[in-house]
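For reference, model.txt (compact mmCIF, C-alpha atoms):
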# COMPACT_ATOMS: atom_id res chain seq x y z
CA MET A 1 0.00 0.00 0.00
CA PRO A 2 1.56 3.32 -1.00
CA LYS A 3 2.03 5.80 1.80
CA ILE A 4 1.52 9.54 1.78
CA SER A 5 2.61 12.05 4.34
CA VAL A 6 0.19 14.46 5.96
CA THR A 7 0.26 16.81 8.90
CA ILE A 8 -2.53 16.62 11.44
CA ASP A 9 -2.46 19.04 14.38
CA ASP A 10 1.26 19.72 13.75
CA LYS A 11 1.98 15.98 13.87
CA LYS A 12 3.66 14.50 10.78
CA LEU A 13 2.11 11.18 9.81
CA ASP A 14 2.68 8.60 7.10
CA VAL A 15 -0.67 7.10 6.17
CA ASP A 16 -2.21 4.77 3.60
CA VAL A 17 -3.96 6.34 0.62
CA GLY A 18 -7.70 5.95 0.15
CA LYS A 19 -8.64 6.50 3.78
CA THR A 20 -10.80 9.27 5.09
CA ILE A 21 -9.44 11.93 7.42
CA LEU A 22 -11.59 10.53 10.23
CA GLU A 23 -10.17 7.02 9.82
CA VAL A 24 -6.61 8.36 9.87
CA CYS A 25 -7.32 10.43 12.99
CA LYS A 26 -8.85 7.46 14.80
CA GLU A 27 -5.86 5.24 13.97
CA ASN A 28 -3.49 7.87 15.32
CA GLY A 29 -5.39 8.64 18.47
CA ILE A 30 -6.57 12.08 17.44
CA GLU A 31 -10.02 12.65 18.86
CA ILE A 32 -12.70 13.96 16.52
CA LEU A 33 -16.28 14.48 17.63
CA THR A 34 -18.81 12.50 15.62
CA MET A 35 -22.51 11.80 15.79
CA CYS A 36 -23.71 10.38 12.48
CA HIS A 37 -20.60 8.24 11.99
CA LEU A 38 -20.87 4.60 12.98
CA LYS A 39 -18.33 1.95 12.10
CA GLY A 40 -19.76 -0.36 9.46
CA LEU A 41 -22.10 2.20 7.92
CA THR A 42 -21.54 4.51 4.96
CA ASP A 43 -20.56 7.98 6.09
CA VAL A 44 -22.90 10.75 4.99
CA GLY A 45 -21.49 13.84 6.70
CA ALA A 46 -24.86 14.76 8.17
CA CYS A 47 -24.02 15.94 11.69
CA ARG A 48 -21.26 18.42 10.76
CA LEU A 49 -19.39 17.74 13.99
CA CYS A 50 -16.27 16.25 12.43
CA LEU A 51 -15.48 19.42 10.49
CA VAL A 52 -11.74 20.03 10.09
CA GLU A 53 -9.64 22.85 8.74
CA ILE A 54 -7.43 22.03 5.79
CA GLU A 55 -4.78 24.52 4.73
CA GLY A 56 -5.56 25.98 1.32
CA VAL A 57 -9.26 25.11 1.49
CA ASN A 58 -11.31 28.07 2.63
CA LYS A 59 -14.25 26.09 3.96
CA LEU A 60 -14.44 23.47 6.66
CA LEU A 61 -14.76 19.91 5.39
CA SER A 62 -16.25 16.94 7.18
CA ALA A 63 -13.52 14.49 8.15
CA CYS A 64 -15.74 11.45 7.64
CA THR A 65 -16.41 12.08 3.95
CA THR A 66 -13.13 13.70 2.89
CA LYS A 67 -10.43 11.37 1.62
CA ILE A 68 -6.92 12.09 2.82
CA ALA A 69 -4.53 13.42 0.18
CA ALA A 70 -0.78 13.91 0.07
CA ASN A 71 0.70 16.90 1.93
CA MET A 72 -2.60 17.90 3.51
CA ILE A 73 -2.15 20.12 6.52
CA ILE A 74 -5.15 19.42 8.74
CA ARG A 75 -6.17 21.07 11.98
CA THR A 76 -8.83 19.51 14.15
CA LYS A 77 -8.85 21.61 17.29
CA THR A 78 -8.76 25.27 16.31
CA GLU A 79 -10.89 27.85 18.08
CA LYS A 80 -13.08 28.17 14.99
CA ILE A 81 -13.83 24.45 14.91
CA LYS A 82 -14.56 24.38 18.65
CA ARG A 83 -16.96 27.30 18.20
CA TYR A 84 -18.71 25.55 15.33
CA GLN A 85 -19.00 22.31 17.28
CA ARG A 86 -20.59 24.13 20.17
CA ILE A 87 -23.06 25.85 17.80
CA THR A 88 -23.88 22.50 16.21
CA SER A 89 -24.59 20.83 19.52
CA GLU A 90 -26.72 23.74 20.68
CA LEU A 91 -28.73 23.50 17.48
CA PHE A 92 -29.26 19.78 18.10
CA PHE A 93 -30.89 20.62 21.40
CA ALA A 94 -32.88 23.54 20.05
CA GLU A 95 -34.29 21.56 17.14
CA ARG A 96 -36.32 18.96 19.08
CA ASN A 97 -37.60 18.48 22.60
CA HIS A 98 -34.64 17.02 24.45
CA VAL A 99 -35.29 16.70 28.16
CA CYS A 100 -32.49 14.64 29.71
CA SER A 101 -34.10 14.34 33.13
CA VAL A 102 -37.03 12.31 31.82
CA CYS A 103 -35.16 10.50 29.05
CA VAL A 104 -34.58 6.78 29.14
CA ALA A 105 -31.07 7.30 27.77
CA ASN A 106 -30.04 9.76 30.50
CA GLY A 107 -26.38 9.12 31.33
CA LYS A 108 -25.90 6.85 28.33
CA CYS A 109 -26.68 9.29 25.57
CA ASP A 110 -24.20 10.38 22.91
CA LEU A 111 -25.96 13.71 22.55
CA GLN A 112 -25.66 14.39 26.26
CA LYS A 113 -21.98 13.45 26.16
CA LEU A 114 -21.53 15.77 23.21
CA GLY A 115 -22.98 18.62 25.22
CA TYR A 116 -20.39 18.03 27.96
CA LYS A 117 -17.58 17.67 25.44
CA THR A 118 -18.34 20.93 23.66
CA GLU A 119 -18.69 22.61 27.07
CA MET A 120 -22.22 23.66 26.31
CA ASN A 121 -23.65 25.42 29.36
CA HIS A 122 -26.68 27.06 27.80
CA ILE A 123 -28.41 27.29 24.45
CA ARG A 124 -28.31 30.60 22.66
CA TYR A 125 -30.89 29.76 20.03
CA PRO A 126 -34.67 29.79 20.37
CA TYR A 127 -36.10 26.31 20.85
CA LEU A 128 -38.35 25.19 18.02
CA PHE A 129 -40.56 23.06 20.29
CA PRO A 130 -41.91 21.05 17.36
CA GLU A 131 -44.91 18.83 17.82
CA CYS A 132 -43.46 15.32 17.73
CA ASN A 133 -45.12 11.96 17.86
CA VAL A 134 -44.06 8.96 19.90
CA ASP A 135 -44.57 5.71 18.03
CA THR A 136 -45.24 2.87 20.46
CA SER A 137 -46.95 0.58 17.95
CA HIS A 138 -44.05 -1.87 17.71
CA PRO A 139 -44.36 -4.74 20.19
CA TRP A 140 -40.76 -4.41 21.45
CA TYR A 141 -39.42 -0.98 20.57
CA VAL A 142 -40.42 2.68 20.77
CA LEU A 143 -39.56 5.53 18.41
CA ASP A 144 -39.67 8.97 20.01
CA HIS A 145 -39.28 11.76 17.45
CA ASN A 146 -38.73 14.28 20.26
CA ARG A 147 -35.29 12.81 20.89
CA CYS A 148 -34.24 12.17 17.29
CA ILE A 149 -31.34 14.19 15.90
CA MET A 150 -31.69 12.97 12.31
CA CYS A 151 -28.26 11.34 12.20
CA THR A 152 -29.87 8.63 10.00
CA ARG A 153 -27.83 5.90 11.65
CA CYS A 154 -30.98 3.79 12.01
CA VAL A 155 -31.82 4.38 8.33
CA ARG A 156 -28.39 3.19 7.22
CA ALA A 157 -28.21 0.28 9.67
CA CYS A 158 -31.59 -0.94 8.45
CA GLY A 159 -30.80 -0.54 4.76
CA GLU A 160 -27.12 -1.46 4.60
CA VAL A 161 -26.72 -4.08 7.31
CA GLU A 162 -30.15 -5.62 7.78
CA GLY A 163 -31.28 -4.93 4.20
CA ALA A 164 -34.85 -4.36 5.29
CA HIS A 165 -35.13 -0.67 4.29
CA ASN A 166 -37.82 -0.08 6.86
CA TRP A 167 -36.58 3.40 7.76
CA ASN A 168 -36.18 6.50 5.65
CA VAL A 169 -36.47 10.25 5.96
CA MET A 170 -39.51 12.22 4.86
CA ASN A 171 -40.00 15.91 4.07
CA ARG A 172 -37.11 18.32 4.24
CA GLY A 173 -35.63 21.13 6.30
CA TYR A 174 -36.88 21.41 9.86
CA GLN A 175 -39.86 19.22 9.02
CA VAL A 176 -37.79 16.09 8.42
CA ARG A 177 -38.92 13.00 10.25
CA ILE A 178 -37.82 9.39 10.32
CA ILE A 179 -40.51 7.20 8.77
CA SER A 180 -41.14 3.51 8.45
CA ASP A 181 -42.71 2.43 5.15
CA PHE A 182 -45.36 4.94 4.01
CA ASP A 183 -45.18 6.87 7.27
CA THR A 184 -47.11 3.97 8.74
CA PRO A 185 -46.85 3.13 12.43
CA TRP A 186 -43.74 1.03 13.08
CA GLY A 187 -45.79 -1.89 14.35
CA GLU A 188 -47.69 -2.07 11.05
CA SER A 189 -44.59 -1.96 8.89
CA VAL A 190 -44.35 -4.77 6.35
CA THR A 191 -40.59 -4.41 5.89
CA CYS A 192 -39.40 -4.31 9.52
CA THR A 193 -37.81 -7.58 10.65
CA SER A 194 -37.69 -6.49 14.32
CA CYS A 195 -33.94 -7.20 14.29
CA GLY A 196 -33.19 -4.34 16.66
CA LYS A 197 -30.16 -2.97 14.82
CA CYS A 198 -31.66 0.51 14.70
CA VAL A 199 -32.12 0.40 18.47
CA HIS A 200 -28.41 -0.14 18.97
CA ALA A 201 -27.42 2.27 16.19
CA CYS A 202 -29.43 5.15 17.67
CA PRO A 203 -27.09 7.48 19.59
CA THR A 204 -29.85 9.05 21.70
CA GLY A 205 -33.01 7.89 23.39
CA ALA A 206 -35.03 8.17 20.19
CA ILE A 207 -35.26 4.42 19.67
CA TRP A 208 -35.25 2.22 22.72
CA PRO A 209 -36.59 -1.16 23.83
CA LYS A 210 -39.89 -1.17 25.67
CA ALA A 211 -40.24 -2.08 29.32
CA ILE A 212 -37.04 -0.32 30.28
CA VAL A 213 -36.64 2.57 32.68
CA GLN A 214 -33.95 5.18 33.08
CA GLY A 215 -30.62 3.62 33.96
CA GLN A 216 -31.43 0.23 32.47
CA LEU A 217 -30.81 1.16 28.86
CA GLU A 218 -27.82 -0.51 27.30
CA LYS A 219 -26.97 0.23 23.72
CA LYS A 220 -24.17 -1.46 21.85
CA PRO A 221 -23.64 0.53 18.66
CA GLU A 222 -20.35 -1.27 18.06
CA ILE A 223 -22.22 -4.49 17.18
CA ILE A 224 -23.03 -2.97 13.77
CA GLY A 225 -19.35 -2.61 12.91
CA GLU A 226 -18.52 -6.03 14.34
CA LEU A 227 -21.26 -7.62 12.26
CA VAL A 228 -19.99 -5.99 9.08
CA GLU A 229 -16.43 -7.14 9.82
CA LYS A 230 -17.55 -10.71 10.50
CA ARG A 231 -19.48 -10.83 7.24
CA LYS A 232 -16.35 -9.77 5.35
CA MET A 233 -14.44 -12.64 6.98
CA ASN A 234 -16.98 -15.19 5.80
CA LEU A 235 -16.45 -14.06 2.21
CA MET B 1 -48.55 12.21 11.51
CA LYS B 2 -50.95 10.10 9.49
CA ASN B 3 -52.75 11.79 6.68
CA ASN B 4 -56.32 10.73 7.04
CA SER B 5 -57.49 12.39 3.83
CA LEU B 6 -55.70 9.75 1.78
CA PRO B 7 -57.77 7.18 -0.07
CA THR B 8 -58.05 3.69 1.30
CA ASP B 9 -55.99 0.65 0.47
CA VAL B 10 -58.10 -0.38 -2.52
CA GLU B 11 -55.86 -1.56 -5.32
CA PRO B 12 -56.24 0.59 -8.43
CA ALA B 13 -58.19 -1.10 -11.21
CA LYS B 14 -56.01 -2.54 -13.98
CA THR B 15 -58.46 -1.20 -16.53
CA ASP B 16 -58.09 2.38 -15.33
CA PRO B 17 -56.53 4.27 -18.30
CA ARG B 18 -54.33 6.19 -15.85
CA ILE B 19 -52.95 2.97 -14.41
CA LYS B 20 -52.37 1.74 -17.97
CA LEU B 21 -50.40 4.91 -18.62
CA ILE B 22 -48.24 4.32 -15.52
CA THR B 23 -47.75 0.64 -16.37
CA ALA B 24 -46.65 1.61 -19.89
CA LYS B 25 -44.15 4.07 -18.42
CA ILE B 26 -42.80 1.45 -16.00
CA LYS B 27 -42.35 -1.00 -18.88
CA LYS B 28 -40.68 1.67 -21.00
CA GLU B 29 -38.24 2.29 -18.15
CA ASN B 30 -37.59 -1.46 -17.97
CA TYR B 31 -38.75 -1.73 -14.33
CA LYS B 32 -35.58 0.10 -13.30
CA PRO B 33 -35.83 1.32 -9.70
CA ASP B 34 -33.82 4.43 -10.61
CA ALA B 35 -36.66 5.54 -12.89
CA LEU B 36 -38.85 6.16 -9.83
CA ILE B 37 -38.97 9.93 -10.25
CA GLU B 38 -39.94 9.71 -13.94
CA ILE B 39 -42.70 7.25 -13.10
CA LEU B 40 -43.96 9.41 -10.25
CA HIS B 41 -44.06 12.32 -12.71
CA THR B 42 -46.29 10.30 -15.02
CA ALA B 43 -48.55 9.35 -12.13
CA GLN B 44 -48.76 12.90 -10.82
CA ASN B 45 -49.66 14.19 -14.30
CA ALA B 46 -52.29 11.48 -14.74
CA TYR B 47 -54.02 11.96 -11.39
CA GLY B 48 -53.10 15.54 -10.51
CA TYR B 49 -51.67 14.14 -7.29
CA LEU B 50 -50.32 10.85 -5.97
CA PRO B 51 -53.01 8.71 -4.37
CA MET B 52 -51.74 6.29 -1.76
CA ASN B 53 -52.93 3.19 -3.61
CA VAL B 54 -51.09 4.31 -6.76
CA LEU B 55 -47.91 4.78 -4.72
CA LYS B 56 -48.30 1.24 -3.43
CA PHE B 57 -48.84 0.00 -6.98
CA ILE B 58 -45.61 1.70 -8.16
CA THR B 59 -43.66 0.47 -5.13
CA LYS B 60 -44.69 -3.11 -5.87
CA ALA B 61 -43.96 -2.85 -9.58
CA LEU B 62 -40.47 -1.45 -9.06
CA HIS B 63 -39.64 -3.68 -6.07
CA LEU B 64 -38.64 -0.67 -4.02
CA PRO B 65 -38.81 -0.23 -0.26
CA PRO B 66 -41.99 1.73 0.56
CA SER B 67 -40.03 4.15 2.71
CA ARG B 68 -37.82 5.19 -0.20
CA VAL B 69 -40.82 5.96 -2.41
CA TYR B 70 -42.45 7.96 0.38
CA SER B 71 -39.28 9.91 1.14
CA THR B 72 -38.87 10.78 -2.55
CA VAL B 73 -42.47 11.93 -2.81
CA THR B 74 -42.27 14.11 0.30
CA PHE B 75 -38.87 15.56 -0.61
CA TYR B 76 -39.87 17.14 -3.93
CA HIS B 77 -42.44 19.91 -3.81
CA PHE B 78 -43.70 18.95 -7.27
CA PHE B 79 -45.24 15.78 -5.89
CA SER B 80 -48.38 16.05 -3.83
CA LEU B 81 -50.13 13.44 -1.71
CA LYS B 82 -53.32 15.42 -1.54
CA SER B 83 -55.61 16.33 -4.40
CA LYS B 84 -54.89 19.81 -5.74
CA GLY B 85 -58.43 20.12 -7.09
CA GLU B 86 -59.88 19.54 -10.54
CA HIS B 87 -58.91 23.05 -11.54
CA THR B 88 -55.83 24.73 -10.18
CA CYS B 89 -55.20 28.41 -9.80
CA LEU B 90 -51.55 29.21 -9.28
CA VAL B 91 -50.86 32.82 -8.36
CA CYS B 92 -47.30 33.99 -8.86
CA THR B 93 -45.99 35.91 -5.86
CA GLY B 94 -42.54 36.60 -7.24
CA THR B 95 -41.13 40.10 -6.81
CA ALA B 96 -42.51 41.52 -10.08
CA CYS B 97 -45.96 40.01 -9.62
CA TYR B 98 -46.02 41.02 -5.97
CA VAL B 99 -45.29 44.64 -6.86
CA LYS B 100 -48.02 44.51 -9.51
CA GLY B 101 -50.59 43.34 -6.97
CA ALA B 102 -50.49 39.56 -6.59
CA GLN B 103 -51.67 39.97 -3.00
CA LEU B 104 -54.80 41.81 -4.17
CA ILE B 105 -55.60 38.89 -6.46
CA LEU B 106 -55.14 36.45 -3.59
CA ASN B 107 -57.33 38.57 -1.33
CA GLU B 108 -60.08 38.67 -3.95
CA ILE B 109 -59.88 34.90 -4.48
CA GLU B 110 -60.13 34.39 -0.73
CA LYS B 111 -63.13 36.69 -0.59
CA GLN B 112 -64.93 35.04 -3.49
CA PHE B 113 -64.11 31.37 -2.93
CA SER B 114 -62.95 31.45 0.72
CA LEU B 115 -59.77 29.62 -0.22
CA LYS B 116 -56.31 30.44 1.04
CA PRO B 117 -53.17 29.38 -0.84
CA GLY B 118 -52.65 25.64 -0.44
CA GLN B 119 -56.34 24.95 0.11
CA VAL B 120 -58.78 23.00 -2.02
CA SER B 121 -62.52 23.70 -2.12
CA ALA B 122 -64.81 21.22 -0.38
CA ASP B 123 -66.22 19.96 -3.70
CA ASN B 124 -62.64 19.44 -4.99
CA LYS B 125 -63.41 21.76 -7.94
CA LEU B 126 -60.79 24.41 -7.27
CA GLY B 127 -57.37 24.47 -5.65
CA VAL B 128 -55.43 27.66 -4.98
CA SER B 129 -51.67 27.74 -4.68
CA VAL B 130 -48.83 30.23 -4.92
CA ALA B 131 -45.43 30.07 -6.56
CA ARG B 132 -42.38 32.17 -5.77
CA CYS B 133 -41.74 32.97 -9.43
CA ILE B 134 -42.99 31.30 -12.56
CA GLY B 135 -40.42 33.06 -14.74
CA ALA B 136 -42.92 35.30 -16.48
CA CYS B 137 -42.04 38.59 -14.79
CA GLY B 138 -42.76 40.55 -17.99
CA LEU B 139 -46.38 39.38 -17.72
CA ALA B 140 -46.83 40.49 -14.10
CA PRO B 141 -49.10 39.91 -12.35
CA ALA B 142 -49.37 36.40 -13.75
CA VAL B 143 -51.79 33.65 -12.78
CA VAL B 144 -51.72 30.10 -14.13
CA LEU B 145 -55.20 28.66 -14.48
CA ASP B 146 -54.88 24.93 -15.09
CA GLU B 147 -52.07 24.92 -17.67
CA GLU B 148 -52.63 28.35 -19.25
CA VAL B 149 -50.88 31.52 -18.17
CA HIS B 150 -53.07 34.58 -17.72
CA ALA B 151 -50.94 37.69 -18.12
CA LYS B 152 -51.34 41.14 -16.58
CA VAL B 153 -54.60 40.12 -14.93
CA SER B 154 -56.84 42.11 -12.64
CA SER B 155 -58.56 40.43 -9.71
CA GLU B 156 -62.01 40.73 -11.38
CA GLU B 157 -60.75 39.12 -14.57
CA ILE B 158 -59.25 36.19 -12.77
CA VAL B 159 -62.36 35.61 -10.65
CA ASN B 160 -64.47 35.59 -13.85
CA SER B 161 -62.09 33.12 -15.51
CA ILE B 162 -62.21 30.84 -12.47
CA ASN B 163 -66.00 31.00 -12.39
CA ALA B 164 -66.11 30.05 -16.08
CA LYS B 165 -63.81 27.09 -15.38
CA ILE B 166 -65.61 25.66 -12.39
CA ALA B 167 -69.06 26.17 -13.91
CA VAL B 168 -68.30 23.52 -16.56

Target format structure tokens, applied to this file:
Amino acid sequence: MPKISVTIDDKKLDVDVGKTILEVCKENGIEILTMCHLKGLTDVGACRLCLVEIEGVNKLLSACTTKIAANMIIRTKTEKIKRYQRITSELFFAERNHVCSVCVANGKCDLQKLGYKTEMNHIRYPYLFPECNVDTSHPWYVLDHNRCIMCTRCVRACGEVEGAHNWNVMNRGYQVRIISDFDTPWGESVTCTSCGKCVHACPTGAIWPKAIVQGQLEKKPEIIGELVEKRKMNL
Amino acid sequence: MKNNSLPTDVEPAKTDPRIKLITAKIKKENYKPDALIEILHTAQNAYGYLPMNVLKFITKALHLPPSRVYSTVTFYHFFSLKSKGEHTCLVCTGTACYVKGAQLILNEIEKQFSLKPGQVSADNKLGVSVARCIGACGLAPAVVLDEEVHAKVSSEEIVNSINAKIAV
């Protein structure tokens, strides 16, 4: 594998070609905040948290969808990026009705952790307070749109790993919602296999198993990546 | 949010000329799933909107996940899940038309037919909508009644034209 040299955060690195900036950073222990990225799924660059500065490029690019190129000088922790990450996380909270204290995922939520990581102490943007439904029609799982951040990890896990294509996104802009089939209740979906991959892929408390209270929730998003790796081995 | 105004699950009749039109289009596109948007266009033109049972018919024919069809339909503003009415009145509210009094036309339509933009009359005869710009600024204020553009209209003229349309 040919190697190229790049500079990330003033550190000179020799890396394989064809990898994304995020992959390279992970291999070299450089922390990058992510939300929509999940190992095993196609990266879409939806959450805008992994934005990095690249010298000579006058806009910020998402590390998960940008391939590394020779002689790139990348910065991941500038003041500008930190400011943007804080804005992004504030907008996540302002967009839906996130109330940690009554959330099943409290303490085990990636969004909550993100808030701590970006040192978010208040939200400077007006809350949208959208009217959101809670879909409890599935016998085992619940989908709460109030807590969804539209990372589409469930959509990709369902389509790419399970192959059921139960989930997708409807409408656009602030009106986007996760849907199953023709916006039918989850329990009436004809495509859902009840495999539960979306439950584990969901970074917040938007999809969770029924009959669970706060503190009991245990999500293992890494199983998606493990599953994909194991399938490759069988080939 | 379930849309209760949608028709029921009845499968569309194979003898329906509109279904024949859609089937012909699907065959012409070789049942390719990527031709979804073209096929939806055909269906929208045939029905004036996309009834739920027709969407199900297309989904089945193309072997697509229902959620993908629904997300495509809701993403593009051209597609509509609700009937736009037998006759449509599209008032341009672009800058030129606005300056020339598009709002007055809308006010008059609301007064005469008690319909706001986006609404359809109870008898499904008339639907009123607005567009940001229809690209006919030289004809301002412009109104599109069904497929024909009415140029430099006054509110009385357009109300008369609408009345002539829905009387038929």

Using all atoms listed in the file, find the residues of chain A whose closest atom to chain B is at most 8 Å away, then write them as a count of residues only. 17

Please write as a ChimeraX atom specification the list of polymer residues whose atoms come within 7 Å of (-46.3, 36.6, -5.2), counting all atoms listed in the file and keeping to the coordinates of the file. /B:91-95,97-98,102-103,130-132

With C-alpha atoms kept, could you save the residues just selected as an mmCIF file, in the frame of the given file?
data_model
loop_
_atom_site.group_PDB
_atom_site.id
_atom_site.type_symbol
_atom_site.label_atom_id
_atom_site.label_comp_id
_atom_site.auth_asym_id
_atom_site.auth_seq_id
_atom_site.Cartn_x
_atom_site.Cartn_y
_atom_site.Cartn_z
ATOM 1 C CA VAL B 91 -50.860 32.820 -8.360
ATOM 2 C CA CYS B 92 -47.300 33.990 -8.860
ATOM 3 C CA THR B 93 -45.990 35.910 -5.860
ATOM 4 C CA GLY B 94 -42.540 36.600 -7.240
ATOM 5 C CA THR B 95 -41.130 40.100 -6.810
ATOM 6 C CA CYS B 97 -45.960 40.010 -9.620
ATOM 7 C CA TYR B 98 -46.020 41.020 -5.970
ATOM 8 C CA ALA B 102 -50.490 39.560 -6.590
ATOM 9 C CA GLN B 103 -51.670 39.970 -3.000
ATOM 10 C CA VAL B 130 -48.830 30.230 -4.920
ATOM 11 C CA ALA B 131 -45.430 30.070 -6.560
ATOM 12 C CA ARG B 132 -42.380 32.170 -5.770
#

With 4 Å on each side, where is the centre of the axis-aligned box around all listed atoms of stretch 32-38 of chain A, and how long are its edges in Å to one decimal, as JSON?
{"center_x": -18.2, "center_y": 9.5, "center_z": 14.8, "size_x": 19.0, "size_y": 17.9, "size_z": 13.6}

Starting from the point (-40.6, 10.4, -13.9), work out which residues of protein, DNA or RNA have an atom no more than 12 Å away when counting only C-alpha atoms; state them as a short mmCIF file (atom, residue, chain, number, x, y, z; two decimals) with C-alpha atoms, keeping the file's coordinate frame.
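The new file selection.cif reads:
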data_model
loop_
_atom_site.label_atom_id
_atom_site.label_comp_id
_atom_site.auth_asym_id
_atom_site.auth_seq_id
_atom_site.Cartn_x
_atom_site.Cartn_y
_atom_site.Cartn_z
CA ILE B 22 -48.24 4.32 -15.52
CA LYS B 25 -44.15 4.07 -18.42
CA ILE B 26 -42.80 1.45 -16.00
CA LYS B 28 -40.68 1.67 -21.00
CA GLU B 29 -38.24 2.29 -18.15
CA LYS B 32 -35.58 0.10 -13.30
CA PRO B 33 -35.83 1.32 -9.70
CA ASP B 34 -33.82 4.43 -10.61
CA ALA B 35 -36.66 5.54 -12.89
CA LEU B 36 -38.85 6.16 -9.83
CA ILE B 37 -38.97 9.93 -10.25
CA GLU B 38 -39.94 9.71 -13.94
CA ILE B 39 -42.70 7.25 -13.10
CA LEU B 40 -43.96 9.41 -10.25
CA HIS B 41 -44.06 12.32 -12.71
CA THR B 42 -46.29 10.30 -15.02
CA ALA B 43 -48.55 9.35 -12.13
CA GLN B 44 -48.76 12.90 -10.82
CA ASN B 45 -49.66 14.19 -14.30
CA ALA B 46 -52.29 11.48 -14.74
CA ILE B 58 -45.61 1.70 -8.16
CA THR B 72 -38.87 10.78 -2.55
CA VAL B 73 -42.47 11.93 -2.81
CA PHE B 78 -43.70 18.95 -7.27
CA PHE B 79 -45.24 15.78 -5.89
#

Mind giving me the straight-line distance from atom CA of A:Gly18 to atom CA of A:Lys230 in Å, one decimal?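 Value for the atom CA of A:Gly18-atom CA of A:Lys230 distance: 21.9 Å.
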
What is the distance, in Å and to one decimal place, between atom CA of A:Cys47 and atom CA of A:Thr65?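 Atom CA of A:Cys47 sits 11.5 Å away from atom CA of A:Thr65.
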
May I ask for the distance between atom CA of A:Tyr125 and atom CA of A:Arg96, given in Å to one decimal place? 12.1 Å
